[in-house]
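Presented below is the structure to which this report refers.
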Amino acid sequence: MSCLVLVILLVMPFGNSVETDPPRGFPVNDCDCLIEFSSADGLSSLMGSETLIPIVLEAMAGVDASTSAKLRDILDDPLVSPWIMQRSVIGIRDGTRPGEHEWIAWIPLEKSEIVDLIPELRPVRKVDRLVIPKVDVSMARCGDGMLLASEPPGSLRTQALAMIGSGSEPLPWAGADAPLQVTFRNDDVGTGLWFDQPGASRVLVRDIDGGVQVEYSGWSRDGTPRKPCCERLLDLSVLEGMPRDLMGVFVELPDTKILPGTGFLENLLPYVVDSERSDERWSRRMVVLGEMEGGEGVAVPTLAIAIESDGPGSTLKRQDISVLAALNSLRNRLGSKAGLQHLPKLQELPESGPRTIYARAMFEPALTGHPFLRDFSINWCRTKGETDWEIYATCPSLTSQLSESFQTIPPDTRCVRASHVGKINCRMLAGHLEALDAMGPEFVTALELQGFHSGIGILHDLFTKTEMIDWVVTIPDDGRVDAVVTILPREESDRSGE
């Protein structure tokens with residue numbers, strides 16, 4: 001499941017919660033994804049189902065676009081949507097064929113309410129069931145409520161009609177009072193949603209003062225990610241000292257690898273980021289996402305990794321040796337035409353300051369003409385502030401910017417018990433996505449272009465509604481991840497003015 005979903009599932013205040021236990025007999029553990037609404041009346045109007053459903057179902061649970069579109073139609077229907085948002089349980093599971101899903105939605109309704117609702121929905125008889133033509137879903141009385149189901153009918157609907165009865169029963173995991181709860185089976189497990197076993201994840205969404213809080217807990221059967229080697233506090237003082245024009249900044253313990261960033265440079269320069277450190281001591285690692293204007297005026301994303309490093313072996317010369325050794329190894333792997341024929345010798349490097357090796361020739365044969373590669377370079381330096389930092393970046397300006405920032409950060413200590421902390425500037429990222437959307441043909445084929453624009457549009461719509469997203473991640477055990485994400489909405493006046 002994409003971690004990016006933890007950052008984007010969510011956005012504005014909801015109402016107070018009510019009792020959310022599903023009806024007795026609901027086939028919980030036969031579902032791959034369970035969605036529970038509880039007094040979430042403001043959710044659809046504030047976030048919009050066009051954003052909500054693809055994020056929840058396609059990005060999180062791997063549901064195909066046609067299934068999520070059908071559920072989006074249900075949530076957009078003014079007759080059904082209020083009942084679902086007030087209280088409902090939706091179960092989804094894979095069908096018998098690849099890419100096929102079936103779903104059921106149970107809504108608690110009195111018999112008199114169902115009788116009044118049927119004439120408004122105008123169902124038609126189809127063999128052994130009633131179908132609502134407007135949204136093409138079946139409906140039936142079931143237990144103490146109404147059951148909606150995907151068409152054509154599947155075994156999940158048959159199972160629900162046979163098993164669901166009057167009353168309710170608690171779920172097999174601890175209850176919560178969140179207006180929106182999503183529990184889904186992880187990719188690495190083939191059984192159901194029993195949340196006290198490895199292989200399931202859960203997201204809770206709550207409103208807080210001025211924003212939204214998203215809580216995530218997940219287990220993985222294969223035991224990744226790994227718990228840090230020892231219990232340590234993470235100092236976040238460097239977060240506030242970073243430049244304000246960055247799209248994202250992530251700080252983590254050096255043996256924590258949760259979000260993308262480190263893997264890029266580890267694959268490119270394997271002896272640098274994860275080298276044989278011997279007498280070096282690493283305390284923190286930062287991943288920074290920035291932006292620069294490319295040679296043709298395009299917005300080019302930039303990436304930097306900064307490693308807090310001290311000890312007698314932590315020197316600029318050692319960093320130079322590691323980078324040049326890694327580049328030589330890369331040249332040997334890629335061949336004589338790798339574009340790295342003229343690497344500098346160690347004695348040719350300046351005594352201090354940033355180092356730059358332009359890498360366009362190295363990537364041009366594989367990705368000819370891509371505008372990002374025209375401005376890509378390999379940069380590194382050491383900088384000394386309150387502590388020493390090694391910096392690796394994809395452009396010289398970001399290298400210099402971070403180097404100056406580390407030198408001017410005032411001494412401070414602000415520790416949390418966490419493995420990873422991150423922050424995204426949504427205003428900056430929304431603008432970057434606009435530029436990225438226009439470059440769709442540079443990334444995908446003509447057949448994939450529509451999906452590319454659709455995905456970018458969903459993210460852009462979300463980020464234009466929010467000002468800042470930050471999160472704290474802990475890894476209490478191998479394969480266990482807990483996260484708390486805070487989303488601060490943008491002022492309505494700011495959104496309307498864009």
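Going by the structure tokens order, chains are called A, B, ..., each with residues numbered from 1, while ligands are numbered from 1 in the order shown.
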Tell me, counting only C-alpha atoms, for each residue of region 293-333 of chain A within 8 Å of region 283-287 of chain A, which pair of atoms is nearest and how far apart they are in Å to one decimal, in rows ordered by chain and increasing number, as a tab-separated table.
```
residue	atom	partner	partner_atom	distance
A:Leu303	CA	A:Val287	CA	7.4
A:Ala304	CA	A:Val287	CA	5.9
A:Ile305	CA	A:Val287	CA	4.7
A:Ala306	CA	A:Met286	CA	5.0
A:Ile307	CA	A:Arg285	CA	4.5
A:Glu308	CA	A:Arg284	CA	5.2
A:Ser309	CA	A:Ser283	CA	6.5
```
Given the choices A:Gln213, A:Gln347, A:Thr158, A:Thr464, which gets closest to Thr486 (chain A) if the distance is worked out from only C-alpha atoms?
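Residue with the minimum atom-to-atom distance to Thr486 (chain A): A:Gln213.
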Pick from A:Val323, A:Glu293, A:Ala435, A:Ala418, whichever lies nearest to Phe376 (chain A) using only C-alpha atoms:
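Once distances to Phe376 (chain A) are computed over only C-alpha atoms, the minimum belongs to A:Glu293.
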Could you tell me how far CA of Glu151 (chain A) lies from CA of Val115 (chain A), in Å and to one decimal?
22.1 Å
Ranking A:Leu109, A:Leu156, A:Leu79, A:Val481 by minimum distance to Arg122 (chain A) and counting only C-alpha atoms, which one comes first?
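The shortest atom-to-atom distance to Arg122 (chain A) comes from A:Leu79.
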Nearest to Ala483 (chain A): which of A:Ile391, A:Arg202, A:Val251, A:Ala446 is it, counting only C-alpha atoms?
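For Ala483 (chain A), the nearest of the given residues is A:Arg202.
Counting from CA of Leu204 (chain A), the distance to CA of Asp478 (chain A) is 21.9 Å.
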For the interface of region 394-440 of chain A with region 238-245 of chain A (cut-off 10 Å, counting only C-alpha atoms), please tabulate each contacting residue of region 394-440 of chain A alongside its nearest pair of atoms and their separation in Å to one decimal, rows sorted by chain and increasing number, as a tab-separated table.
```
residue	atom	partner	partner_atom	distance
A:Gln401	CA	A:Pro243	CA	7.8
A:Leu402	CA	A:Met242	CA	7.5
A:Glu404	CA	A:Met242	CA	9.8
A:Ser405	CA	A:Met242	CA	6.2
A:Phe406	CA	A:Gly241	CA	7.6
A:Gln407	CA	A:Gly241	CA	9.9
A:Thr408	CA	A:Gly241	CA	8.0
A:Ile409	CA	A:Gly241	CA	5.4
A:Pro410	CA	A:Gly241	CA	8.0
A:Pro411	CA	A:Val238	CA	9.4
A:Asp412	CA	A:Val238	CA	8.6
A:Thr413	CA	A:Val238	CA	9.0
A:Arg414	CA	A:Val238	CA	9.0
A:Val421	CA	A:Leu239	CA	9.1
A:Gly422	CA	A:Leu239	CA	8.6
A:Lys423	CA	A:Leu239	CA	8.4
A:Asn425	CA	A:Asp245	CA	8.2
A:Arg427	CA	A:Asp245	CA	9.8
A:Met428	CA	A:Asp245	CA	7.3
```
All alpha helix (DSSP H) residues (DSSP, backbone) inside region 101-162 of chain A, as a PyMOL selection string:
chain A and resi 111-121+155-162
Closest of A:Arg87, A:Gly154, A:Ser166, A:Asp77 to Glu120 (chain A) - atom-to-atom distances counting only C-alpha atoms
A:Asp77
Pull the closest atom pair for each residue of region 147-171 of chain A that gets at most 9 Å from region 25-32 of chain A, along with the distance in Å to one decimal, counting only C-alpha atoms, ordering rows by chain and then ascending residue number, as JSON lines.
```
{"residue": "A:Leu156", "atom": "CA", "partner": "A:Pro27", "partner_atom": "CA", "distance": 7.9}
{"residue": "A:Gln159", "atom": "CA", "partner": "A:Pro27", "partner_atom": "CA", "distance": 7.3}
{"residue": "A:Ala160", "atom": "CA", "partner": "A:Phe26", "partner_atom": "CA", "distance": 6.1}
{"residue": "A:Ala162", "atom": "CA", "partner": "A:Gly25", "partner_atom": "CA", "distance": 8.6}
{"residue": "A:Met163", "atom": "CA", "partner": "A:Gly25", "partner_atom": "CA", "distance": 4.9}
{"residue": "A:Ile164", "atom": "CA", "partner": "A:Gly25", "partner_atom": "CA", "distance": 4.2}
{"residue": "A:Gly165", "atom": "CA", "partner": "A:Gly25", "partner_atom": "CA", "distance": 6.2}
{"residue": "A:Ser166", "atom": "CA", "partner": "A:Gly25", "partner_atom": "CA", "distance": 8.8}
{"residue": "A:Ser168", "atom": "CA", "partner": "A:Gly25", "partner_atom": "CA", "distance": 8.1}
{"residue": "A:Glu169", "atom": "CA", "partner": "A:Gly25", "partner_atom": "CA", "distance": 8.0}
{"residue": "A:Leu171", "atom": "CA", "partner": "A:Val28", "partner_atom": "CA", "distance": 8.0}
```
Output the selection as a short mmCIF file (atom, residue, chain, number, x, y, z; two decimals), in the first residue's frame - N, CA and C atoms for each residue.
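Output file result-v3.cif is given in full below:
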```cif
data_model
loop_
_atom_site.label_atom_id
_atom_site.label_comp_id
_atom_site.auth_asym_id
_atom_site.auth_seq_id
_atom_site.Cartn_x
_atom_site.Cartn_y
_atom_site.Cartn_z
N LEU A 156 -20.31 -12.38 -2.38
CA LEU A 156 -20.28 -11.59 -1.15
C LEU A 156 -21.68 -11.13 -0.78
N GLN A 159 -23.61 -14.12 0.52
CA GLN A 159 -23.14 -14.45 1.86
C GLN A 159 -23.71 -13.47 2.88
N ALA A 160 -23.72 -12.18 2.55
CA ALA A 160 -24.23 -11.17 3.47
C ALA A 160 -25.72 -11.37 3.74
N ALA A 162 -27.38 -14.06 3.65
CA ALA A 162 -27.60 -15.28 4.42
C ALA A 162 -27.16 -15.15 5.87
N MET A 163 -26.17 -14.29 6.12
CA MET A 163 -25.55 -14.25 7.44
C MET A 163 -25.99 -13.08 8.31
N ILE A 164 -26.24 -11.92 7.70
CA ILE A 164 -26.52 -10.72 8.49
C ILE A 164 -27.89 -10.85 9.15
N GLY A 165 -27.90 -10.60 10.46
CA GLY A 165 -29.13 -10.66 11.23
C GLY A 165 -29.33 -9.42 12.06
N SER A 166 -30.33 -9.47 12.93
CA SER A 166 -30.63 -8.33 13.79
C SER A 166 -29.57 -8.17 14.86
N SER A 168 -26.09 -6.17 16.63
CA SER A 168 -24.74 -5.84 16.17
C SER A 168 -23.73 -6.62 17.00
N GLU A 169 -22.51 -6.65 16.50
CA GLU A 169 -21.44 -7.30 17.23
C GLU A 169 -20.16 -6.52 17.02
N LEU A 171 -16.32 -5.49 16.24
CA LEU A 171 -15.32 -5.94 15.28
C LEU A 171 -14.21 -6.68 16.01
#
```
Write out as a PyMOL selection string which residues come within 7 Å of Pro489 (chain A) when counting only C-alpha atoms, dropping same-chain ones fewer than 3 positions away.
chain A and resi 211+465-467
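Using only C-alpha atoms for every distance, the candidate list A:Arg333, A:His101, A:Arg93, A:Lys345 yields A:His101 as the residue closest to Asp64 (chain A).
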Just the residues within 7 Å of region 451-462 of chain A, please, counting only C-alpha atoms, with nothing from its chain fewer than 6 positions along; format it as a PDB file with C-alpha atoms, in the first residue's frame.
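Writing done, so here's around21.pdb:
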```
ATOM      1  CA  THR A  51     -11.020  13.068  -4.475  1.00  0.00           C
ATOM      2  CA  ALA A 430       0.295  22.166  -5.786  1.00  0.00           C
ATOM      3  CA  LEU A 433       1.993  19.507  -9.869  1.00  0.00           C
ATOM      4  CA  ASP A 437       0.784  17.805 -15.432  1.00  0.00           C
ATOM      5  CA  GLY A 440       2.672  14.295 -19.105  1.00  0.00           C
TER       6      GLY A 440
END
```
DSSP strand (DSSP E or B) residues within region 131-245 of chain A, as an MDAnalysis selection string:
chainID A and resid 131:132 137:142 145:150 168 180:185 200:208 211:219 234:235
